[in-house]
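Below: one structure, written as structure tokens.
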Amino acid sequence: MSTPISRAMFLRGLAGCGIAVLVSKTYMEWSHPSPKFPCRLLGPSKEIGHLLRNHNVQETGKPTTTTSTRVTIVGGGMGGLSAGWWLKKHGVDDFVILDLEQDVGGNSSCGKNDIGQYPWGAHYVPICNPESVYVRQFFEELGIIQGHNDAGLNIYDELMLCHEPQERLWKDGSFHDGLVPKRGLQKDELEEIARFFKTVVDYRNATGGDGKLAFAIPLDLSSQDPKYLALDKISMEQWLDDNNFRTKPLRWYVNYCCRDDYGSTLTNVSAWAGIHYFAGRRGVAANSEPNSVITWPQGNGFLVEKLKGILSKQIQIGSLVTKVSQEDSRVNTTVMDSKTRAYRAISSDFVIFAAPRFVGARVIANQKFSHSQHLSYAPWMVANISLKNLPDARGLAPAWDNVSYYSDSLGYVMANHQEITTRSKPNVITYYYPLSENDPKVSRQALYTANPEEWSQRIVADLQKMHPTIANEIISMDLWPWGHGMIRPSVGFIWGDVRKQMKDRDGNIVFAHSDMSGMSNFEEAQYHGVEAAKTVLAGLSSG
Amino acid sequence: MTYALLITAFVISTCGLVYELIAGTIASYLLGDSITQFSTVIGVYLFSMGIGSFLSRYVEKNVAFTFVQVELLIGLVGGSSASLLFLLFEHVDNFRILLYSLVSIIGILIGLEIPLLMRILKERLDFKELVSQVFTFDYIGALLASLLFPLILVPYLGLIRTSFLFGLFNLGVAIWTIHLFREQLPWKNSLRTTAYALVIALVCGFAFADKLTGIAEASAYPDPVIYSTNTPYQRIVITGSTKDLRLFLNGNLQFSSRDEYRYHEALVHPAMASMNNPQDILVLGGGDGLAVRELLKYPSVRSITLVDLDKRMIDLFKEQVLLTRLNGGSLNDPKVSVIINDAFVWLRSVPKKFDLAIVDFPDPSNYSLGKLYSDTFYKSLKAALKPDGMVVVQSTSPYYAKNSFWCVDKTLASVGFHTTPYHAYVPSFGDWGYVIGSLAPFKPADEKRYPPGLRYVSDATVAQMLCFAKDMLPTVSSVNRLNNQALVHLFESEWSEYVDAH
């Protein structure tokens with residue numbers, strides 16, 4: 001009877017195995033060190049923007065010059081640019097568009113490097129609904145809509161309609177087509193997904209008692225039937241529960257969509273907004289499937305560039321608005337030059353305030369709107385990653401939008417997807433990550449306190465789940481933290497009092513921003529921009 | 001010594017499971033359907049282990065000696081299993097026979113290990129302890145292998161290196177056992193020499209694993225490779241025997257010098273001879289200059305513009321004697337101007353108008369190539385034609401991929417071309433298809449309009465080419481657009497049925 005194995009010995013053996021795994025893993029990581037690549041932290045000028053938070057910037061700013069225009073547009077995002085587009089279209093040239101950044105665009109900003117262009121935020125627009133008349137008009141003007149067929153359907157520029165394959169989902173070790181989970185689902189899970197889509201299609205076709213569409217784009221054209229507005233009073237999660245949608249793959253998908261469009265989760269997003277994502281889009285085209293999207297390498301930066309071309313005389317960059325005040329039917333705007341820190345004043349008949357609405361509380365003197373603290377904005381991290389080559393993965397070939405079922409991120413978009421070249425060459429992928437799990441204030445802190453190194457490591461680790469060798473392919477990574485990335489359509493916001501108040505003009509200050517829809521997208525921003533311009537045009541002609 | 005032997009149990013069980021996982025993974029890579037592959041590999045493997053255990057009873061004397069031999073064999077067979085499977089995949093008619101033979105051999109050897117080891121340990125432990133300890137180490141090893149394999153080995157080392165590495169572990173066990181039983185073992189020195197020789201072989205295999213992958217690829221070609229190069233866009237391989245010169249791009253046959261005249265005569269002459277005084281010709285793709293050679297047979301031709309992506313390919317077919325002999329030096333003809341660019345990108349900005357455009361792209365096997373068969377592409381092409389202009393498009397095989405072929409036809413028709421589909425038999429490709437798109441209805445040429453010296457095309461053969469048998473007619477009909485890539489989907493599904501036949 002020699003050497004029986006004691007329990008201690010057995011445990012030691014097990015521990016030994018564990019250590020062996022750890023040691024070899026460490027060795028492997030050491031012998032394959034994670035490659036170094038340049039990582040830059042870019043992003044909106046939060047230092048300049050945050051100057052507004054300490055009020056002395058308003059007190060100390062003594063304008064040295066004063067100019068006069070008919071209209072001042074504060075903010076050069078989609079709302080402000082669209083307002084300018086409409087004014088110009090209707091014969092008003094005497095206006096300025098002020099933006100604190102070195103370029104206009106806001107959430108539709110884009111970037112460019114040796115490889116190509118890429119978006120920093122919004123990166124597509126769905127083909128437009130019949131009721132989205134401003135969008136259609138704009139697209140026709142830009143040649144995005146090239147004409148109409150005999151049935152009156154829009155013909156879109158095919159190089160802009162998103163090419164196939166559009167979307168792929170990483171699930172169970174390989175990519176499959178589309179973002180709705182497909183692989184390895186149980187019968188009841190599949191049935192629930194089918195029932196969900198039937199339900200939202202019913203909503204898509206529904207009209208309220210007032211004869212209006214239940215869910216329209218822009219959302220202000222939606223029916224005011226209480227039956228539908230009641231959906232705004234519960235969360236999307238509650239609605240899923242109430243309708244017995246309980247299986248995991250479906251809830252994953254709906255949650256993904258809420259995070260994608262609103263930067264927020266099922267628990268926070270109102271059911272009206274959650275359903276609007278699916279039921280709002282009714283676009284049809286002569287030369288594509290219904291509900292297609294149009295996209296460009298630089299994302300919606302393409303639209304910004306076109307508007308910049310039209311509005312080159314009016315746009316003034318590097319201009320931080322520190323104060324907007326009204327006196328005797330004139331509106332005075334104080335502007336600080338972001339470089340020289342010199343102040344100037346602009347006196348105009350009207351101001352179109354097209355900056356995010358929380359900024360208004362700090363800038364507009366004696367503001368009527370008193371609920372700024374109720375506005376909730378989702379923080380985002382966006383990264384543009386230049387790759388020598390996107391590593392092959394199992395399953396479907398690279399798509400425009402590439403998502404993992406197992407990741408907290410929204411996946412990545414291929415910037416060069418719409419190219420018509422057959423060369424394989426370096427490309428840029430845009431990685432989107434909404435910090436939606438916690439309260440936005442906490443997340444915003446997390447967004448800013450982590451350094452670029454930490455962020456880049458986190459992002460690479462996330463991408464490695466889909467592409468184990470991707471670290472070797474990275475040429476560079478640029479990070480863009482959006483502290484106030486997009487407004488969140490929380491429960492009760494869209495059809496509540498706060499939003500109603502937000503839309504009211506304040507004397508000769510008229511508001512235009514997608515904040516006023518509670519949804520951050522091109523159609524809403526443009527709608528409020530054009531509506532504000534219309535109000536101002538009416539005021540100018542009567543005054 | 002007892003511990004040393006128990007650790008041996010741990011090492012050999014780790015190795016054993018790793019070989020099983022390697023075989024299962026390679027089988028699912030190469031044959032697809034991972035559930036079937038893993039299930040059958042595991043089944044065959046376990047059953048073979050049973051055979052091994054059964055056979056162990058016939059080992060009567062000197063158990064340690066047999067054990068060392070078994071370890072050396074496992075080191076060799078197991079260690080080289082991944083590379084054997086990859087290298088031989090192209091060369092064996094029935095890969096499954098190879099796979100399951102290899103799995104059986106490894107399984108039998110692994111099956112021998114534990115019984116032999118237990119018999120070696122028999123004198124040192126009583127039965128209860130023996131069984132408990134050997135199996136404990138055996139199963140811990142299995143756990144370790146199952147964790148290491150997906151987390152570390154496959155991502156960091158790859159399959160070929162992993163298999164060599166674990167072969168080395170088996171050899172390590174052999175050398176260790178030789179050392180432990182150095183007093184009792186016969187043939188001690190030759191065992192040791194064999195072991196070290198095998199170690200050197202496996203270390204070389206481990207170090208040159210990348211080269212092995214290359215050999216596995218190159219040995220896919222039937223004839224000797226006489227030229228090969230990697231360009232930024234593709235891998236060009238030219239193979240040659242006394243009677244046949246073949247060009248492969250990314251492993252796909254582009255032409256064989258024996259019958260390429262059939263392909264290129266059929267591509268060029270039906271359209272070209274039907275035209276009245278064709279002067280300016282556009283060739284997209286076709287950097288081999290063989291279509292250009294056919295075009296130069298028409299005295300009316302004033303200019304030929306060739307657009308190809310790959311400058312290296314063009315230079316090759318301009319300069320290499322073997323190749324210029326084949327294309328008659330066509331790319332050096334003064335009428336020919338070569339443009340290195342993406343055809344689609346170039347086409348959208350070209351001011352010149354052409355009488356005929358010859359479109360000779362690779363088959364639409366991926367999404368970026370699929371864009372070159374889209375209605376948007378054909379619209380751009382149409383805009384670059386003179387009023388009576390024509391295009392002819394190589395359109396894959398109407399026999400192997402009939403719906404793909406008719407999809408090209410439908411797509412050309414959708415942008416306003418009169419289409420004339422036809423096909424020709426090219427032995428090295430099979431039945432091959434083309435579509436003529438013309439702005440005025442197409443009328444085949446009279447015999448006298450064909451240039452002299454053609455070996456395949458005549459008015460009689462063209463009449464045949466226009467006729468399609470029932471088995472070539474489409475079952476679905478769709479237009480290929482950038483936003484549906486219908487052709488790539490059809491092409492993938494249709495050719496995948498023939499993958500085994502290649």
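So you can find residues: chains in the structure tokens are A, B, ... in the order shown, residues in each start at 1, and ligands are numbered from 1 in order.
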
Exercise. Using only C-alpha atoms, which chain B residues lie at most 6 Å away from chain A, written as number ranges by chain?
Worked result: B: 125-126, 342, 368, 482-485

Please produce, as CSV, a per-residue contact table for stretch 295-359 of chain A versus stretch 91-111 of chain A (criterion: any atom at most 8 Å away, only C-alpha atoms considered), showing the nearest atom pair and its distance in Å to one decimal, sorted by chain then residue number.
```
residue,atom,partner,partner_atom,distance
A:Gln298,CA,A:Cys110,CA,5.6
A:Gly299,CA,A:Cys110,CA,7.0
A:Asn300,CA,A:Ser108,CA,5.2
A:Gly301,CA,A:Cys110,CA,5.1
A:Val304,CA,A:Gly105,CA,5.7
A:Lys308,CA,A:Val104,CA,7.9
A:Gln314,CA,A:Val96,CA,4.5
A:Ile315,CA,A:Ile97,CA,4.7
A:Gln316,CA,A:Leu98,CA,5.1
A:Ile317,CA,A:Asp99,CA,5.0
A:Gly318,CA,A:Leu100,CA,4.5
A:Ser319,CA,A:Leu100,CA,4.4
A:Leu320,CA,A:Leu100,CA,4.4
A:Val321,CA,A:Leu100,CA,7.4
A:Ser338,CA,A:Leu100,CA,6.8
```

For this session: Name all residues at most 12 Å from B:Leu85 (count only C-alpha atoms; drop same-chain ones fewer than 4 positions away) and give them as number ranges by chain.
Result: B: 19, 22-31, 77-81, 89-92, 94-103, 159-160, 163, 212-213, 216

Exercise. So which residues touch stretch 348-350 of chain B within 8 Å, counting only C-alpha atoms, skipping near sequence neighbours fewer than 3 positions away, as a count of residues only?
Worked result: 4

Exercise. Residues of stretch 273-508 of chain A in helix (DSSP H, G or I) according to DSSP, as a ChimeraX atom specification?
Worked result: /A:273-279,301-310,357-363,372-374,440-449,452-464,470-473,497-503

Take the residues from that selection and write them out as a tab-separated table (two decimals), in the first residue's frame, keeping C-alpha atoms.
```tsv
chain	number	residue	atom	x	y	z
A	273	ALA	CA	-40.88	55.29	-28.83
A	274	GLY	CA	-39.89	51.62	-28.82
A	275	ILE	CA	-42.75	50.72	-31.16
A	276	HIS	CA	-42.14	53.79	-33.30
A	277	TYR	CA	-38.74	52.37	-34.22
A	278	PHE	CA	-40.46	49.41	-35.88
A	279	ALA	CA	-43.82	50.89	-36.87
A	301	GLY	CA	-21.68	63.69	-43.00
A	302	PHE	CA	-22.54	63.39	-46.70
A	303	LEU	CA	-25.70	65.44	-46.11
A	304	VAL	CA	-23.73	67.90	-43.98
A	305	GLU	CA	-21.24	68.43	-46.80
A	306	LYS	CA	-24.04	69.17	-49.25
A	307	LEU	CA	-25.61	71.67	-46.83
A	308	LYS	CA	-22.23	73.24	-46.17
A	309	GLY	CA	-21.91	73.82	-49.90
A	310	ILE	CA	-25.26	75.59	-49.96
A	357	ARG	CA	-31.82	72.13	-25.42
A	358	PHE	CA	-29.90	71.69	-22.14
A	359	VAL	CA	-27.51	74.35	-23.44
A	360	GLY	CA	-30.42	76.80	-23.63
A	361	ALA	CA	-30.74	76.90	-19.84
A	362	ARG	CA	-27.19	78.25	-19.62
A	363	VAL	CA	-27.35	80.66	-22.52
A	372	SER	CA	-34.03	71.56	-18.61
A	373	GLN	CA	-33.19	69.34	-15.69
A	374	HIS	CA	-35.77	66.81	-16.94
A	440	PRO	CA	-26.54	58.80	-17.76
A	441	LYS	CA	-24.74	60.98	-15.17
A	442	VAL	CA	-22.82	57.99	-13.81
A	443	SER	CA	-22.08	56.73	-17.31
A	444	ARG	CA	-20.91	60.15	-18.44
A	445	GLN	CA	-18.41	60.08	-15.61
A	446	ALA	CA	-17.24	56.62	-16.70
A	447	LEU	CA	-16.98	57.86	-20.27
A	448	TYR	CA	-14.61	60.66	-19.38
A	449	THR	CA	-12.58	59.12	-16.57
A	452	PRO	CA	-7.88	56.20	-24.24
A	453	GLU	CA	-5.68	53.16	-23.47
A	454	GLU	CA	-8.40	51.58	-21.36
A	455	TRP	CA	-11.06	52.31	-23.94
A	456	SER	CA	-9.04	50.94	-26.80
A	457	GLN	CA	-8.28	47.76	-24.86
A	458	ARG	CA	-11.93	47.32	-24.01
A	459	ILE	CA	-12.95	47.79	-27.63
A	460	VAL	CA	-10.31	45.43	-28.98
A	461	ALA	CA	-11.30	42.78	-26.45
A	462	ASP	CA	-14.90	43.12	-27.53
A	463	LEU	CA	-14.05	42.82	-31.23
A	464	GLN	CA	-11.80	39.84	-30.55
A	470	ILE	CA	-8.15	41.55	-35.20
A	471	ALA	CA	-5.55	43.20	-32.94
A	472	ASN	CA	-2.83	42.41	-35.50
A	473	GLU	CA	-4.79	44.22	-38.20
A	497	ASP	CA	-45.79	68.39	-20.82
A	498	VAL	CA	-42.06	68.97	-20.89
A	499	ARG	CA	-41.82	68.34	-24.61
A	500	LYS	CA	-44.93	70.40	-25.29
A	501	GLN	CA	-43.32	73.35	-23.52
A	502	MET	CA	-40.05	72.83	-25.34
A	503	LYS	CA	-41.72	73.49	-28.67
```

Exercise. If you count only C-alpha atoms, which residues fall within 7 Å of B:Ser404, apart from same-chain ones fewer than 3 positions away, as a VMD selection string?
Worked result: chain B and resid 401 407 to 408 487 490 to 491

Residues just named, written with N, CA and C atoms as a PDB file, in the first residue's frame:
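Output (selection-v5.pdb):
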```pdb
ATOM      1  N   ALA B 401     -24.897  26.394 -63.281  1.00  0.00           N
ATOM      2  CA  ALA B 401     -25.514  27.479 -62.509  1.00  0.00           C
ATOM      3  C   ALA B 401     -26.515  28.198 -63.399  1.00  0.00           C
ATOM      4  N   CYS B 407     -29.977  35.026 -64.602  1.00  0.00           N
ATOM      5  CA  CYS B 407     -30.052  36.259 -63.817  1.00  0.00           C
ATOM      6  C   CYS B 407     -29.247  37.365 -64.521  1.00  0.00           C
ATOM      7  N   VAL B 408     -28.077  37.007 -65.089  1.00  0.00           N
ATOM      8  CA  VAL B 408     -27.302  37.995 -65.840  1.00  0.00           C
ATOM      9  C   VAL B 408     -28.123  38.481 -67.035  1.00  0.00           C
ATOM     10  N   LEU B 487     -27.541  37.699 -57.588  1.00  0.00           N
ATOM     11  CA  LEU B 487     -26.682  36.795 -58.360  1.00  0.00           C
ATOM     12  C   LEU B 487     -25.703  36.047 -57.466  1.00  0.00           C
ATOM     13  N   LEU B 490     -27.518  33.280 -55.738  1.00  0.00           N
ATOM     14  CA  LEU B 490     -27.800  32.167 -56.649  1.00  0.00           C
ATOM     15  C   LEU B 490     -26.524  31.390 -56.950  1.00  0.00           C
ATOM     16  N   PHE B 491     -25.484  32.143 -57.263  1.00  0.00           N
ATOM     17  CA  PHE B 491     -24.229  31.515 -57.661  1.00  0.00           C
ATOM     18  C   PHE B 491     -23.692  30.608 -56.560  1.00  0.00           C
TER      19      PHE B 491
END
```

Exercise. So how far away is atom CA of A:Gly280 from atom CA of A:Leu213, in Å?
Worked result: 9.1 Å

For this session: Might you pull out every residue within 9 Å of stretch 40-56 of chain B, with only C-alpha atoms counted and same-chain residues fewer than 3 positions away left off, and present them as a ChimeraX atom specification?
Result: /B:20-21,23-24,27,35-37,59-60,99-100,103-116

Create the file for the chosen residues now, containing C-alpha atoms and written as an mmCIF file, in the first residue's frame.
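Result file is result_29.cif:
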```
data_model
loop_
_atom_site.group_PDB
_atom_site.id
_atom_site.type_symbol
_atom_site.label_atom_id
_atom_site.label_comp_id
_atom_site.auth_asym_id
_atom_site.auth_seq_id
_atom_site.Cartn_x
_atom_site.Cartn_y
_atom_site.Cartn_z
ATOM 1 C CA GLU B 20 -9.502 13.781 -31.104
ATOM 2 C CA LEU B 21 -10.460 17.472 -31.093
ATOM 3 C CA ALA B 23 -9.515 15.453 -36.084
ATOM 4 C CA GLY B 24 -13.051 16.618 -35.351
ATOM 5 C CA ALA B 27 -13.202 17.265 -40.452
ATOM 6 C CA ILE B 35 -22.328 17.958 -35.711
ATOM 7 C CA THR B 36 -21.908 14.922 -37.948
ATOM 8 C CA GLN B 37 -18.147 15.252 -38.095
ATOM 9 C CA VAL B 59 1.146 -7.753 -24.764
ATOM 10 C CA GLU B 60 2.699 -10.482 -22.660
ATOM 11 C CA LEU B 99 -9.786 10.563 -41.783
ATOM 12 C CA TYR B 100 -11.325 7.561 -40.085
ATOM 13 C CA VAL B 103 -8.611 8.442 -36.147
ATOM 14 C CA SER B 104 -8.734 4.623 -35.694
ATOM 15 C CA ILE B 105 -4.958 4.270 -35.578
ATOM 16 C CA ILE B 106 -4.600 7.037 -33.020
ATOM 17 C CA GLY B 107 -7.560 5.670 -31.075
ATOM 18 C CA ILE B 108 -6.148 2.140 -30.909
ATOM 19 C CA LEU B 109 -2.779 3.443 -29.743
ATOM 20 C CA ILE B 110 -4.368 5.695 -27.123
ATOM 21 C CA GLY B 111 -6.530 2.737 -26.043
ATOM 22 C CA LEU B 112 -3.368 0.759 -25.390
ATOM 23 C CA GLU B 113 -1.767 3.439 -23.244
ATOM 24 C CA ILE B 114 -3.808 3.341 -20.055
ATOM 25 C CA PRO B 115 -4.045 -0.465 -19.693
ATOM 26 C CA LEU B 116 -0.301 -0.734 -20.250
#
```

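In terms of minimum interatomic distance to A:Gln526, A:Gln137 ranks closest within A:Ile294, A:Gln137, A:Asn244, A:Ile429, counting only C-alpha atoms.
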
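Using only C-alpha atoms, the shortest contact distance between A:Asn154 and any of A:Pro181, A:Gly283, A:Pro481, A:Pro426 is found at A:Gly283.
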
For this session: Within stretch 211-416 of chain A, find each residue whose DSSP state, derived from the backbone, is strand (DSSP E or B), and express the selection as a ChimeraX atom specification.
Result: /A:213,235,269-270,285,288,293-295,315-316,319-327,330-337,343-353,364,377-387,395,401-404,412-414

Write the residues of the selection above to a file with C-alpha atoms, as an mmCIF file, in the first residue's frame.
```cif
data_model
loop_
_atom_site.group_PDB
_atom_site.id
_atom_site.type_symbol
_atom_site.label_atom_id
_atom_site.label_comp_id
_atom_site.auth_asym_id
_atom_site.auth_seq_id
_atom_site.Cartn_x
_atom_site.Cartn_y
_atom_site.Cartn_z
ATOM 1 C CA LEU A 213 -51.183 57.581 -38.737
ATOM 2 C CA SER A 235 -41.854 51.389 -20.644
ATOM 3 C CA VAL A 269 -37.532 53.816 -23.295
ATOM 4 C CA SER A 270 -41.233 54.524 -23.548
ATOM 5 C CA ALA A 285 -39.072 52.921 -53.349
ATOM 6 C CA SER A 288 -35.479 48.719 -53.465
ATOM 7 C CA VAL A 293 -31.814 52.662 -45.858
ATOM 8 C CA ILE A 294 -29.473 54.966 -47.697
ATOM 9 C CA THR A 295 -25.937 55.393 -46.490
ATOM 10 C CA ILE A 315 -21.665 79.305 -41.555
ATOM 11 C CA GLN A 316 -19.362 80.701 -38.853
ATOM 12 C CA SER A 319 -18.234 80.540 -32.447
ATOM 13 C CA LEU A 320 -19.432 79.764 -28.951
ATOM 14 C CA VAL A 321 -22.732 81.461 -28.143
ATOM 15 C CA THR A 322 -22.543 82.579 -24.524
ATOM 16 C CA LYS A 323 -25.734 84.582 -24.217
ATOM 17 C CA VAL A 324 -29.017 85.135 -26.019
ATOM 18 C CA SER A 325 -31.189 87.939 -24.704
ATOM 19 C CA GLN A 326 -34.225 89.844 -25.997
ATOM 20 C CA GLU A 327 -34.768 93.582 -25.923
ATOM 21 C CA ARG A 330 -34.560 92.435 -31.162
ATOM 22 C CA VAL A 331 -32.587 89.396 -30.084
ATOM 23 C CA ASN A 332 -28.968 89.918 -29.069
ATOM 24 C CA THR A 333 -26.555 87.043 -29.326
ATOM 25 C CA THR A 334 -23.157 87.223 -27.633
ATOM 26 C CA VAL A 335 -20.516 85.090 -29.311
ATOM 27 C CA MET A 336 -17.058 84.103 -28.103
ATOM 28 C CA ASP A 337 -14.396 83.179 -30.626
ATOM 29 C CA TYR A 343 -16.463 88.544 -27.774
ATOM 30 C CA ARG A 344 -18.773 90.018 -30.365
ATOM 31 C CA ALA A 345 -22.496 90.629 -30.524
ATOM 32 C CA ILE A 346 -25.057 89.931 -33.226
ATOM 33 C CA SER A 347 -28.378 91.684 -33.207
ATOM 34 C CA SER A 348 -31.196 90.046 -35.196
ATOM 35 C CA ASP A 349 -34.934 89.958 -35.676
ATOM 36 C CA PHE A 350 -35.057 86.276 -34.838
ATOM 37 C CA VAL A 351 -32.879 83.610 -33.306
ATOM 38 C CA ILE A 352 -33.366 80.004 -34.271
ATOM 39 C CA PHE A 353 -31.948 78.140 -31.317
ATOM 40 C CA ILE A 364 -30.833 82.116 -22.899
ATOM 41 C CA TYR A 377 -29.116 62.451 -22.664
ATOM 42 C CA ALA A 378 -27.395 59.162 -23.439
ATOM 43 C CA PRO A 379 -23.590 59.130 -23.434
ATOM 44 C CA TRP A 380 -21.903 57.250 -26.262
ATOM 45 C CA MET A 381 -18.457 56.126 -27.234
ATOM 46 C CA VAL A 382 -17.747 55.943 -30.940
ATOM 47 C CA ALA A 383 -14.457 54.603 -32.284
ATOM 48 C CA ASN A 384 -13.155 54.627 -35.812
ATOM 49 C CA ILE A 385 -10.687 51.829 -36.311
ATOM 50 C CA SER A 386 -8.459 51.612 -39.378
ATOM 51 C CA LEU A 387 -7.729 48.029 -40.314
ATOM 52 C CA GLY A 395 -20.478 32.435 -41.668
ATOM 53 C CA ASP A 401 -23.692 46.489 -40.052
ATOM 54 C CA ASN A 402 -21.995 43.765 -38.023
ATOM 55 C CA VAL A 403 -23.347 42.905 -34.595
ATOM 56 C CA SER A 404 -22.587 40.369 -31.876
ATOM 57 C CA TYR A 412 -19.451 47.993 -36.129
ATOM 58 C CA VAL A 413 -20.263 49.474 -39.508
ATOM 59 C CA MET A 414 -17.986 49.090 -42.522
#
```

Exercise. Suppose you want the space between atom CA of B:Gly453 and atom CA of B:Pro270; what is it in Å?
Worked result: 14.9 Å

Extract, using only C-alpha atoms, all DNA, RNA and protein residues at most 9 Å from B:Val435, discarding same-chain residues fewer than 6 positions from it, and format them as a PDB file with N, CA and C atoms, in the first residue's frame.
```
ATOM      1  N   VAL B 391     -22.837  44.903 -75.900  1.00  0.00           N
ATOM      2  CA  VAL B 391     -21.935  44.347 -74.891  1.00  0.00           C
ATOM      3  C   VAL B 391     -22.029  42.837 -74.984  1.00  0.00           C
ATOM      4  N   VAL B 392     -20.962  42.163 -74.580  1.00  0.00           N
ATOM      5  CA  VAL B 392     -21.070  40.720 -74.388  1.00  0.00           C
ATOM      6  C   VAL B 392     -20.453  40.410 -73.031  1.00  0.00           C
ATOM      7  N   VAL B 393     -21.174  39.610 -72.253  1.00  0.00           N
ATOM      8  CA  VAL B 393     -20.793  39.368 -70.860  1.00  0.00           C
ATOM      9  C   VAL B 393     -20.565  37.877 -70.642  1.00  0.00           C
ATOM     10  N   GLN B 394     -19.407  37.510 -70.127  1.00  0.00           N
ATOM     11  CA  GLN B 394     -19.227  36.102 -69.727  1.00  0.00           C
ATOM     12  C   GLN B 394     -20.113  35.886 -68.517  1.00  0.00           C
ATOM     13  N   SER B 395     -20.921  34.842 -68.529  1.00  0.00           N
ATOM     14  CA  SER B 395     -22.011  34.740 -67.562  1.00  0.00           C
ATOM     15  C   SER B 395     -22.079  33.392 -66.854  1.00  0.00           C
ATOM     16  N   PHE B 405     -26.900  32.182 -64.566  1.00  0.00           N
ATOM     17  CA  PHE B 405     -26.747  32.589 -65.962  1.00  0.00           C
ATOM     18  C   PHE B 405     -27.933  33.440 -66.418  1.00  0.00           C
ATOM     19  N   TRP B 406     -29.137  32.958 -66.128  1.00  0.00           N
ATOM     20  CA  TRP B 406     -30.322  33.690 -66.601  1.00  0.00           C
ATOM     21  C   TRP B 406     -30.547  34.972 -65.798  1.00  0.00           C
ATOM     22  N   VAL B 408     -28.077  37.007 -65.089  1.00  0.00           N
ATOM     23  CA  VAL B 408     -27.302  37.995 -65.840  1.00  0.00           C
ATOM     24  C   VAL B 408     -28.123  38.481 -67.035  1.00  0.00           C
ATOM     25  N   ASP B 409     -28.755  37.533 -67.724  1.00  0.00           N
ATOM     26  CA  ASP B 409     -29.584  37.872 -68.880  1.00  0.00           C
ATOM     27  C   ASP B 409     -30.704  38.838 -68.476  1.00  0.00           C
ATOM     28  N   LEU B 412     -29.383  42.372 -67.561  1.00  0.00           N
ATOM     29  CA  LEU B 412     -29.078  43.179 -68.753  1.00  0.00           C
ATOM     30  C   LEU B 412     -30.365  43.674 -69.395  1.00  0.00           C
ATOM     31  N   THR B 419     -31.422  41.204 -75.227  1.00  0.00           N
ATOM     32  CA  THR B 419     -30.418  40.218 -74.838  1.00  0.00           C
ATOM     33  C   THR B 419     -30.459  38.993 -75.741  1.00  0.00           C
ATOM     34  N   THR B 420     -29.284  38.459 -76.010  1.00  0.00           N
ATOM     35  CA  THR B 420     -29.144  37.220 -76.768  1.00  0.00           C
ATOM     36  C   THR B 420     -28.222  36.286 -75.987  1.00  0.00           C
ATOM     37  N   PRO B 421     -28.800  35.364 -75.219  1.00  0.00           N
ATOM     38  CA  PRO B 421     -27.958  34.432 -74.477  1.00  0.00           C
ATOM     39  C   PRO B 421     -27.462  33.313 -75.390  1.00  0.00           C
ATOM     40  N   TYR B 422     -26.255  32.856 -75.173  1.00  0.00           N
ATOM     41  CA  TYR B 422     -25.743  31.708 -75.933  1.00  0.00           C
ATOM     42  C   TYR B 422     -24.698  30.997 -75.107  1.00  0.00           C
ATOM     43  N   HIS B 423     -24.298  29.818 -75.583  1.00  0.00           N
ATOM     44  CA  HIS B 423     -23.346  29.037 -74.788  1.00  0.00           C
ATOM     45  C   HIS B 423     -22.475  28.183 -75.689  1.00  0.00           C
TER      46      HIS B 423
END
```

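Interatomic distance, atom CA of A:Tyr431 to atom CA of A:Gly411: 5.9 Å.
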